[in-house]
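Only one structure is covered here, and it is reproduced in the block below.
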Amino acid sequence: MRALMNVLMGLLGLFIFAALPVAAATIELTEKDNGAVMKVQPGDQIKVTVQGNPTTGYTWELAAICVDVLEPGLEPEYVRDSTMLGAGGRFTFQFTARSQGYTKVILAYLRTWEKDRPPVKTFEMTADVNSSQGKKPVTTVHYLSNNGKTLTASFDPNTNQIQVTLPDGRTVLLPAAISASGARYSNAYETFWDHQGKGIYTKGDKVIFEGTVQAGK
């Protein structure tokens, strides 16, 4: 009888342990982790700390992310390295894994007023938030400009990225970015924006292509 009770108590203990929620993990990254690819679970947090010096006019900005998958914090925390005049410091960005999916994150170090120049450096990471194994179909859309040129955009919902084929045949892969309206994709310098049937591709602040969806294509 005592042996049976011991077995039952052991099984009960295992059941309670299995039922306990798994604590969310916190992953801390620095610039040496540039290019990192990681699998995370909903609720996990990712902190990215990068070096910068606002006294030079440069700052770090969040350039690309799919917010449905990875939710960014409000503003990066900045801590100076010292009280010396002109000293730099560390920017820390925080993200929380939300729904299942896949997203690339790009942080860009730039002067916000220099729209015609690419960032002097970037930090990139990729987060796979417990994504499903089933593949979703890629959607391809063709846009026609007023001067008869065509741009093709293929959206992959599995990676939340878009492949843009420009009229000259060049292709560029852009990850999802924050947008107030429509769908926007950017690598911190090249950007594609789709809004109400219009597609606009820019490089810096220069519009390279602007067109509307081709019906029947």
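Labeling convention for the structure tokens: chains A, B, ... as they appear, residues from 1 per chain, ligands from 1 in order of appearance.
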Legend entry - Spatial neighbours of Val164 (chain A), max dist 12 Å, only C-alpha atoms, sep filter under 5 positions, as a ChimeraX atom specification: /A:139-143,150-156,169-175,185-186,190-194,199-202,209
Inset, instruction - Identify, on the basis of only C-alpha atoms, every residue whose closest approach to region 68-71 of chain A does not exceed 7 Å; exclude the query and any residue fewer than 4 positions from it along the same chain; express the result as a list in words. - result: Phe95, Thr96, Ala97, Arg98, Ser99, Gln100, Gly101, Tyr102, Thr103 and Val129 of chain A
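The two atoms in question, CA of Lys149 (chain A) and CA of Lys206 (chain A), are spaced 17.2 Å apart.
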Legend entry - From A:Gly204, A:Pro76, A:Gly182, A:Gly88, residue lying nearest Pro118 (chain A) [only C-alpha atoms]: A:Gly204
Legend entry - Nearest-residue call for Ala180 (chain A), choices A:Val67, A:Ala127, A:Ile208, A:Val37, using only C-alpha atoms: A:Val67
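Considering the residues A:Ala23, A:Val105, A:Gln214, A:Asn146 and counting only C-alpha atoms, Cys66 (chain A) has its shortest atom-to-atom contact with A:Val105.
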Inset, instruction - Identify, on the basis of only C-alpha atoms, every residue whose closest approach to Asn53 (chain A) does not exceed 8 Å; exclude the query and any residue fewer than 6 positions from it along the same chain; express the result as a list of chain:residue names. - result: A:Thr59, A:Gly86, A:Ala87, A:Gly88, A:Gly89
Legend entry - Polymer residues at most 12 Å from Val120 (chain A), only C-alpha atoms, same-chain spacing of 4 or more positions, as a list in words: Gly52, Tyr58, Thr59, Trp60, Leu107, Ala108, Tyr109, Leu110, Arg111, Thr112, Glu114, Ala188 and Tyr189 of chain A
